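J.: File name run-v6.csv; file contents CSV, C-alpha atoms; full text below.
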chain,number,residue,atom,x,y,z
A,9,MET,CA,-14.2,-109.5,78.8
A,10,SER,CA,-13.4,-109.6,75.1
A,11,HIS,CA,-12.3,-106.5,73.2
A,12,LEU,CA,-15.7,-106.4,71.5
A,13,ASP,CA,-17.5,-106.5,74.9
A,14,PHE,CA,-15.2,-103.7,76.2
A,15,PHE,CA,-15.9,-101.6,73.1
A,16,SER,CA,-19.7,-102.1,73.5
A,17,SER,CA,-19.7,-101.4,77.2
A,18,LEU,CA,-17.8,-98.2,76.8
A,19,ILE,CA,-20.0,-96.9,73.9
A,20,THR,CA,-23.2,-97.8,75.7
A,21,ALA,CA,-22.1,-95.9,78.8
A,22,HIS,CA,-22.8,-92.8,76.8
A,23,SER,CA,-26.1,-91.7,75.5
A,24,PRO,CA,-26.8,-91.8,71.7
A,25,THR,CA,-27.1,-88.0,71.8
A,26,LEU,CA,-23.7,-87.5,73.3
A,27,LEU,CA,-22.1,-90.0,70.9
A,28,ALA,CA,-23.8,-88.1,68.0
A,29,MET,CA,-22.4,-84.8,69.4
A,30,PHE,CA,-18.9,-86.4,69.6
A,31,ALA,CA,-19.2,-87.6,66.0
A,32,GLY,CA,-20.5,-84.2,64.8
A,33,ALA,CA,-17.6,-82.4,66.6
A,34,ALA,CA,-15.2,-84.8,64.8
A,35,PHE,CA,-16.7,-84.0,61.4
A,36,LEU,CA,-16.7,-80.2,61.9
A,37,ALA,CA,-13.2,-80.3,63.2
A,38,GLY,CA,-12.0,-82.2,60.2
A,39,LEU,CA,-13.8,-79.8,57.9
A,40,ALA,CA,-12.0,-76.8,59.4
A,41,ARG,CA,-8.6,-78.7,59.3
A,42,GLY,CA,-9.0,-79.8,55.7
A,43,PHE,CA,-10.0,-76.3,54.5
A,44,SER,CA,-7.5,-74.1,56.4
A,45,GLY,CA,-4.9,-76.4,57.8
A,46,PHE,CA,-5.8,-75.7,61.4
A,47,GLY,CA,-8.8,-75.1,63.7
A,48,ALA,CA,-9.7,-78.7,64.5
A,49,ALA,CA,-8.8,-78.5,68.2
A,50,LEU,CA,-10.7,-75.3,68.8
A,51,ILE,CA,-13.9,-76.9,67.7
A,52,PHE,CA,-13.3,-80.5,68.9
A,53,ILE,CA,-11.6,-80.2,72.3
A,54,PRO,CA,-14.1,-78.2,74.4
A,55,LEU,CA,-17.1,-80.3,73.3
A,56,ALA,CA,-15.3,-83.7,73.3
A,57,SER,CA,-13.8,-82.9,76.7
A,58,ALA,CA,-17.3,-82.4,78.2
A,59,ILE,CA,-18.2,-85.9,76.9
A,60,VAL,CA,-15.1,-88.1,77.4
A,61,GLY,CA,-12.7,-85.8,79.5
A,62,PRO,CA,-9.8,-83.7,78.3
A,63,ARG,CA,-7.2,-86.4,78.4
A,64,VAL,CA,-9.1,-88.8,76.1
A,65,ALA,CA,-10.3,-85.9,73.9
A,66,SER,CA,-6.8,-84.6,73.3
A,67,ALA,CA,-5.3,-88.0,72.7
A,68,VAL,CA,-8.1,-89.0,70.3
A,69,LEU,CA,-7.6,-85.8,68.2
A,70,LEU,CA,-3.9,-86.2,68.2
A,71,VAL,CA,-4.1,-89.8,66.8
A,72,VAL,CA,-7.0,-89.4,64.4
A,73,ASP,CA,-5.4,-86.2,62.9
A,74,ALA,CA,-2.0,-87.9,62.6
A,75,VAL,CA,-3.5,-90.9,60.7
A,76,LEU,CA,-5.7,-89.0,58.4
A,77,THR,CA,-3.4,-86.1,57.4
A,78,LEU,CA,-0.5,-88.2,56.3
A,79,GLY,CA,-1.4,-87.5,52.6
A,80,MET,CA,-1.2,-83.8,53.2
A,81,ILE,CA,2.5,-83.9,54.2
A,82,PRO,CA,4.3,-84.6,50.9
A,83,PRO,CA,2.9,-81.5,49.0
A,84,ALA,CA,3.5,-79.4,52.1
A,85,TRP,CA,7.1,-80.6,52.3
A,86,ARG,CA,7.7,-79.4,48.8
A,87,MET,CA,6.1,-76.0,49.2
A,88,ALA,CA,7.0,-75.1,52.8
A,89,ASP,CA,9.9,-73.0,54.1
A,90,ARG,CA,11.5,-76.0,55.8
A,91,ARG,CA,14.2,-74.0,57.6
A,92,GLU,CA,11.5,-71.8,59.3
A,93,VAL,CA,9.3,-74.8,60.1
A,94,PHE,CA,12.2,-76.7,61.8
A,95,ILE,CA,13.1,-73.7,63.9
A,96,MET,CA,9.6,-73.4,65.1
A,97,ALA,CA,9.5,-77.2,65.7
A,98,ALA,CA,12.6,-76.8,67.9
A,99,GLY,CA,10.6,-74.5,70.2
A,100,ALA,CA,7.7,-77.1,70.3
A,101,PHE,CA,10.2,-79.7,71.3
A,102,VAL,CA,10.5,-77.9,74.7
A,103,GLY,CA,6.9,-76.7,74.9
A,104,VAL,CA,5.0,-80.0,74.2
A,105,PRO,CA,6.4,-82.0,77.2
A,106,LEU,CA,5.5,-79.2,79.6
A,107,GLY,CA,1.9,-79.0,78.2
A,108,THR,CA,1.6,-82.8,78.4
A,109,MET,CA,2.7,-82.7,82.0
A,110,LEU,CA,-0.2,-80.3,82.7
A,111,LEU,CA,-2.6,-82.6,80.9
A,112,SER,CA,-1.4,-85.7,82.7
A,113,ASN,CA,-1.3,-84.3,86.2
A,114,GLY,CA,-4.1,-81.7,86.2
A,115,ASP,CA,-7.6,-82.1,87.7
A,116,PRO,CA,-9.9,-82.9,84.7
A,117,LEU,CA,-12.6,-80.4,85.8
A,118,THR,CA,-10.0,-77.7,86.3
A,119,LEU,CA,-8.5,-78.6,82.9
A,120,ARG,CA,-11.8,-78.2,81.2
A,121,TRP,CA,-12.3,-74.7,82.7
A,122,ILE,CA,-8.8,-73.8,81.5
A,123,ILE,CA,-9.3,-75.2,78.1
A,124,SER,CA,-12.6,-73.3,77.6
A,125,ALA,CA,-10.9,-70.1,78.8
A,126,VAL,CA,-8.0,-70.6,76.4
A,127,VAL,CA,-10.3,-71.4,73.5
A,128,VAL,CA,-12.2,-68.2,74.1
A,129,MET,CA,-9.0,-66.1,74.3
A,130,LEU,CA,-7.7,-67.7,71.1
A,131,LEU,CA,-11.0,-67.1,69.4
A,132,LEU,CA,-10.9,-63.4,70.4
A,133,PHE,CA,-7.3,-63.3,69.2
A,134,LEU,CA,-8.3,-64.7,65.8
A,135,LEU,CA,-11.3,-62.3,65.5
A,136,SER,CA,-9.0,-59.4,66.3
A,137,GLY,CA,-7.3,-60.0,62.9
A,138,TRP,CA,-3.9,-59.3,64.4
A,139,ARG,CA,-1.0,-60.7,62.5
A,140,TYR,CA,2.7,-60.5,63.0
A,141,SER,CA,3.8,-58.3,60.1
A,142,GLY,CA,7.6,-58.3,60.7
A,143,ARG,CA,10.2,-60.5,59.2
A,144,PRO,CA,10.7,-63.9,60.9
A,145,LYS,CA,13.3,-63.7,63.6
A,146,THR,CA,14.8,-66.9,65.0
A,147,PRO,CA,14.2,-66.1,68.7
A,148,LEU,CA,10.6,-65.1,68.0
A,149,THR,CA,10.0,-68.2,65.8
A,150,LEU,CA,11.4,-70.4,68.6
A,151,PHE,CA,9.1,-68.7,71.2
A,152,THR,CA,6.1,-69.1,69.0
A,153,GLY,CA,6.9,-72.7,68.6
A,154,PHE,CA,7.3,-73.1,72.4
A,155,LEU,CA,4.0,-71.4,73.0
A,156,ALA,CA,2.2,-73.5,70.4
A,157,GLY,CA,3.9,-76.6,71.7
A,158,LEU,CA,2.7,-75.8,75.2
A,159,PHE,CA,-0.9,-75.4,74.0
A,160,SER,CA,-0.6,-78.6,71.8
A,161,GLY,CA,0.7,-80.7,74.7
A,162,ALA,CA,-2.0,-79.5,77.1
A,163,ALA,CA,-5.0,-79.7,74.7
A,164,GLN,CA,-3.9,-79.8,71.0
A,165,LEU,CA,-4.6,-76.0,70.7
A,166,GLY,CA,-1.4,-74.9,69.1
A,167,GLY,CA,-2.8,-73.6,65.8
A,168,PRO,CA,-3.6,-69.9,66.4
A,169,PRO,CA,-0.1,-68.7,67.6
A,170,VAL,CA,1.5,-70.4,64.6
A,171,VAL,CA,-1.0,-69.1,62.0
A,172,ALA,CA,-0.9,-65.6,63.4
A,173,TYR,CA,2.9,-65.5,63.2
A,174,TRP,CA,3.1,-66.8,59.6
A,175,LEU,CA,0.0,-65.3,58.1
A,176,GLY,CA,1.1,-61.7,58.5
A,177,GLY,CA,4.3,-62.1,56.5
A,178,ALA,CA,5.0,-62.0,52.8
A,179,LEU,CA,4.1,-65.6,52.2
A,180,LYS,CA,0.9,-66.3,50.3
A,181,GLY,CA,-1.9,-68.3,51.8
A,182,ALA,CA,-1.0,-71.6,50.1
A,183,PHE,CA,2.5,-71.3,51.4
A,184,VAL,CA,1.4,-70.5,54.9
A,185,ARG,CA,-0.9,-73.5,54.8
A,186,ALA,CA,2.0,-75.7,53.7
A,187,ASN,CA,4.1,-74.3,56.6
A,188,VAL,CA,1.3,-75.0,59.1
A,189,ILE,CA,0.7,-78.5,57.8
A,190,LEU,CA,4.4,-79.5,57.9
A,191,TYR,CA,4.9,-77.9,61.3
A,192,PHE,CA,2.0,-79.8,62.8
A,193,ALA,CA,3.3,-83.0,61.3
A,194,ILE,CA,6.5,-82.6,63.2
A,195,SER,CA,4.7,-81.4,66.3
A,196,THR,CA,2.5,-84.5,66.1
A,197,VAL,CA,5.5,-86.8,66.3
A,198,ILE,CA,6.7,-84.9,69.4
A,199,SER,CA,3.3,-85.0,71.0
A,200,THR,CA,2.8,-88.7,70.3
A,201,SER,CA,6.1,-89.5,72.0
A,202,SER,CA,5.2,-87.3,74.9
A,203,TYR,CA,1.7,-88.7,75.3
A,204,PHE,CA,3.0,-92.2,75.1
A,205,VAL,CA,5.6,-91.7,77.8
A,206,SER,CA,2.9,-90.0,80.0
A,207,GLY,CA,0.6,-93.0,79.6
A,208,LEU,CA,-2.2,-91.1,77.9
A,209,PHE,CA,-2.9,-93.7,75.2
A,210,THR,CA,-5.5,-95.8,77.0
A,211,ALA,CA,-8.1,-98.3,75.8
A,212,ASP,CA,-10.7,-95.5,76.0
A,213,VAL,CA,-8.6,-93.5,73.5
A,214,PHE,CA,-8.6,-96.4,71.0
A,215,VAL,CA,-12.4,-96.8,71.2
A,216,PHE,CA,-13.2,-93.2,70.7
A,217,PHE,CA,-10.5,-93.0,68.0
A,218,LEU,CA,-12.5,-95.6,66.0
A,219,LEU,CA,-15.7,-93.6,66.5
A,220,ALA,CA,-14.1,-90.3,65.4
A,221,LEU,CA,-12.1,-91.7,62.5
A,222,PRO,CA,-14.8,-91.9,59.8
A,223,PHE,CA,-16.4,-88.6,60.7
A,224,TYR,CA,-13.1,-86.7,61.0
A,225,GLY,CA,-12.0,-88.2,57.7
A,226,ALA,CA,-15.2,-87.2,55.9
A,227,GLY,CA,-14.7,-83.6,57.2
A,228,LEU,CA,-11.1,-83.5,56.1
A,229,TYR,CA,-12.1,-84.7,52.6
A,230,ALA,CA,-14.9,-82.1,52.3
A,231,GLY,CA,-12.7,-79.3,53.7
A,232,ALA,CA,-9.9,-80.1,51.2
A,233,ARG,CA,-12.4,-80.1,48.3
A,234,LEU,CA,-13.7,-76.7,49.5
A,235,HIS,CA,-10.2,-75.2,49.7
A,236,GLY,CA,-9.7,-72.8,46.8
A,237,LEU,CA,-13.4,-73.1,45.8
A,238,ALA,CA,-15.4,-71.6,48.6
A,239,ASP,CA,-15.2,-68.0,49.9
A,240,GLU,CA,-12.5,-68.2,52.6
A,241,ALA,CA,-13.8,-65.2,54.6
A,242,ALA,CA,-17.3,-66.7,54.9
A,243,PHE,CA,-16.0,-70.1,55.8
A,244,ARG,CA,-13.8,-68.6,58.5
A,245,ARG,CA,-16.8,-66.7,60.0
A,246,ILE,CA,-18.7,-70.0,60.2
A,247,CYS,CA,-15.7,-71.7,61.8
A,248,TYR,CA,-15.5,-68.9,64.4
A,249,GLY,CA,-19.1,-69.4,65.2
A,250,LEU,CA,-18.7,-73.1,65.6
A,251,ILE,CA,-15.7,-72.5,67.9
A,252,ALA,CA,-17.7,-70.2,70.1
A,253,ILE,CA,-20.6,-72.7,70.3
A,254,SER,CA,-18.2,-75.5,71.1
A,255,ALA,CA,-16.5,-73.5,73.8
A,256,ALA,CA,-19.9,-72.6,75.4
A,257,ILE,CA,-21.3,-76.1,75.3
A,258,GLY,CA,-18.1,-77.5,76.7
A,259,LEU,CA,-18.2,-75.3,79.8
A,260,PRO,CA,-18.6,-77.5,83.0
A,261,LEU,CA,-21.6,-75.2,83.8
A,262,PHE,CA,-23.6,-77.1,81.3
A,263,ASP,CA,-22.7,-80.6,82.3
A,264,SER,CA,-26.3,-81.2,83.4
A,265,LEU,CA,-27.4,-80.7,79.8
A,266,LEU,CA,-25.0,-83.4,78.6
A,267,LYS,CA,-26.4,-86.3,80.5
As structure tokens, what does this structure read like?
T.:
Amino acid sequence: MSHLDFFSSLITAHSPTLLAMFAGAAFLAGLARGFSGFGAALIFIPLASAIVGPRVASAVLLVVDAVLTLGMIPPAWRMADRREVFIMAAGAFVGVPLGTMLLSNGDPLTLRWIISAVVVMLLLFLLSGWRYSGRPKTPLTLFTGFLAGLFSGAAQLGGPPVVAYWLGGALKGAFVRANVILYFAISTVISTSSYFVSGLFTADVFVFFLLALPFYGAGLYAGARLHGLADEAAFRRICYGLIAISAAIGLPLFDSLLK
């Protein structure tokens, strides 16, 4: 079978409706990521996991985000508090492989239930408005990085702990965004190595990466253009609603509706 035949057979194994939902999830995830610097996984992973499984969904998001956010790194490098970012990344260096182990060895159906539960908890956490308001402390920064790395390795869900930790401090929003972008650039390198060693980069991942790439890219572009122009509070409310819908649709309870 040629590569083209394999691509066609894999795509045709899914209904046009599901493929459209996958592409739509990629666009909305990119929109949130481009605007705020995080939030892509909370929208994409639950819904995409219901369509292609959590292993493929997590690996696709990891690769497509890594490819399309390279241009965001240089300005983030110049603006970010690099010392603080590297301390947090040290925690992720431990957390990511543990999360990857859960993703590689866990039962896919059980993983989907866990992912949906974690997404709902993280959404409630974001809605609560809680922010760490103290000064950054090295042990706490390391622990936050470890927790974010654990969530990233298991399902690319490491954003909320990082944002909550940095957003409550004295840094302005643009500097927090730079910290987040630089941290996840480093975390992506760690996750890519961990996923590669665990054998998570399969042919299925490559196929769905190609499908997600243009839609996620369009979302990133639109989100970046909106940053600084749109009302951030209103946009966040919309994102929270999309996260809730994605988590609900992604529940295994509704698998019969996704066939």
J.: Quick one: of A:Leu208, A:Ala232, A:Ala226, A:Leu36, who's nearest to A:Asn113, counting only C-alpha atoms?
T.: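 For A:Asn113, the nearest of the given residues is A:Leu208.
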J.: If you count all atoms listed in the file, which residues fall within 12 Å of A:Trp174, apart from same-chain ones fewer than 3 positions away, as a PyMOL selection string?
T.: chain A and resi 88-89+92-93+96+138-145+148-149+152-153+167-171+177-188+191
J.: Identify which of the residues A:Ser202, A:Ser195, A:Ser160, A:Thr118 lies closest to A:Ala58, counting all atoms listed in the file when measuring atom-to-atom distances.
T.: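 Looking only at the distances to A:Ala58, the closest residue turns out to be A:Thr118.
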J.: Just checking: using all atoms listed in the file, which residue out of A:Pro260, A:Leu27, A:Arg63, A:Ile53 ends up closest to A:Val127?
T.: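 Distance minimum relative to A:Val127 lands on A:Ile53.
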J.: From the list A:Gly137, A:Pro147, A:Pro54, A:Gly61, which residue is nearest A:Leu117 when using only C-alpha atoms?
T.: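 With only C-alpha atoms as the atom set, the closest residue is A:Gly61.
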J.: May I have the residues within 12 Å of A:Phe159 as number ranges by chain, using all atoms listed in the file and disregarding those fewer than 4 positions away in the same chain?
T.: A: 49-50, 53, 66, 100, 102-111, 122-123, 126-127, 130, 152-155, 163-170, 195, 199
J.: Calculate how many Å separate atom CA of A:Thr146 from atom CA of A:Leu134, rounding to one decimal.
T.: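 The value is 23.2 Å.
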J.: Would you list the residues near (3.8, -81.0, 53.5) (no more than 6 Å away, in the coordinates of the file, using all atoms listed in the file) as a VMD selection string?
T.: chain A and resid 80 to 85 186 189 to 190
J.: Please compute the atom CA of A:Ala220-atom CA of A:Gly32 distance, one decimal, in Å.
T.: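 So the two atoms, atom CA of A:Ala220 and atom CA of A:Gly32, lie 8.9 Å apart.
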J.: Give the answer as one residue: which of A:Ile59, A:Leu26, A:Ala74, A:Val68 has the shortest atom-to-atom distance to A:Ala211, using all atoms listed in the file?
T.: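 Selected residue with least distance to A:Ala211: A:Val68.
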J.: Rounded to one decimal, what separation in Å do you get between atom CA of A:Ala48 and atom CA of A:Thr77?
T.: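 Separation between atom CA of A:Ala48 and atom CA of A:Thr77: 12.0 Å.
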J.: Between A:Ala67, A:Ala97, A:Leu132, A:Ala37, which is the closest to A:Ala230 once you count all atoms listed in the file?
T.: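 Closest to A:Ala230, using all atoms listed in the file: A:Ala37.
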J.: Mind filling out stretch 195-212 of chain A with N, CA and C atoms and sending it as a short mmCIF file (atom, residue, chain, number, x, y, z; two decimals), keeping the file's coordinate frame?
T.:
data_model
loop_
_atom_site.label_atom_id
_atom_site.label_comp_id
_atom_site.auth_asym_id
_atom_site.auth_seq_id
_atom_site.Cartn_x
_atom_site.Cartn_y
_atom_site.Cartn_z
N SER A 195 5.20 -81.54 64.94
CA SER A 195 4.70 -81.40 66.30
C SER A 195 3.92 -82.63 66.75
N THR A 196 3.24 -83.29 65.81
CA THR A 196 2.50 -84.50 66.10
C THR A 196 3.42 -85.63 66.57
N VAL A 197 4.56 -85.75 65.92
CA VAL A 197 5.50 -86.80 66.30
C VAL A 197 6.02 -86.50 67.75
N ILE A 198 6.29 -85.23 68.05
CA ILE A 198 6.70 -84.90 69.40
C ILE A 198 5.63 -85.15 70.41
N SER A 199 4.39 -84.75 70.07
CA SER A 199 3.30 -85.00 71.00
C SER A 199 2.98 -86.43 71.21
N THR A 200 3.06 -87.23 70.15
CA THR A 200 2.80 -88.70 70.30
C THR A 200 3.79 -89.31 71.23
N SER A 201 5.06 -88.95 71.09
CA SER A 201 6.10 -89.50 72.00
C SER A 201 5.82 -89.06 73.42
N SER A 202 5.47 -87.79 73.60
CA SER A 202 5.20 -87.30 74.90
C SER A 202 4.01 -87.89 75.58
N TYR A 203 2.93 -88.07 74.81
CA TYR A 203 1.70 -88.70 75.30
C TYR A 203 1.96 -90.15 75.68
N PHE A 204 2.75 -90.83 74.86
CA PHE A 204 3.00 -92.20 75.10
C PHE A 204 3.82 -92.39 76.42
N VAL A 205 4.83 -91.59 76.61
CA VAL A 205 5.60 -91.70 77.80
C VAL A 205 4.77 -91.35 79.06
N SER A 206 3.79 -90.45 78.89
CA SER A 206 2.90 -90.00 80.00
C SER A 206 1.77 -90.99 80.25
N GLY A 207 1.64 -92.03 79.42
CA GLY A 207 0.60 -93.00 79.60
C GLY A 207 -0.81 -92.54 79.25
N LEU A 208 -0.91 -91.62 78.30
CA LEU A 208 -2.20 -91.10 77.90
C LEU A 208 -2.93 -91.89 76.87
N PHE A 209 -2.24 -92.85 76.24
CA PHE A 209 -2.90 -93.70 75.20
C PHE A 209 -3.51 -94.90 75.89
N THR A 210 -4.75 -94.74 76.33
CA THR A 210 -5.50 -95.80 77.00
C THR A 210 -6.44 -96.50 76.08
N ALA A 211 -7.10 -97.55 76.60
CA ALA A 211 -8.10 -98.30 75.80
C ALA A 211 -9.25 -97.36 75.40
N ASP A 212 -9.63 -96.44 76.28
CA ASP A 212 -10.70 -95.50 76.00
C ASP A 212 -10.34 -94.67 74.73
#
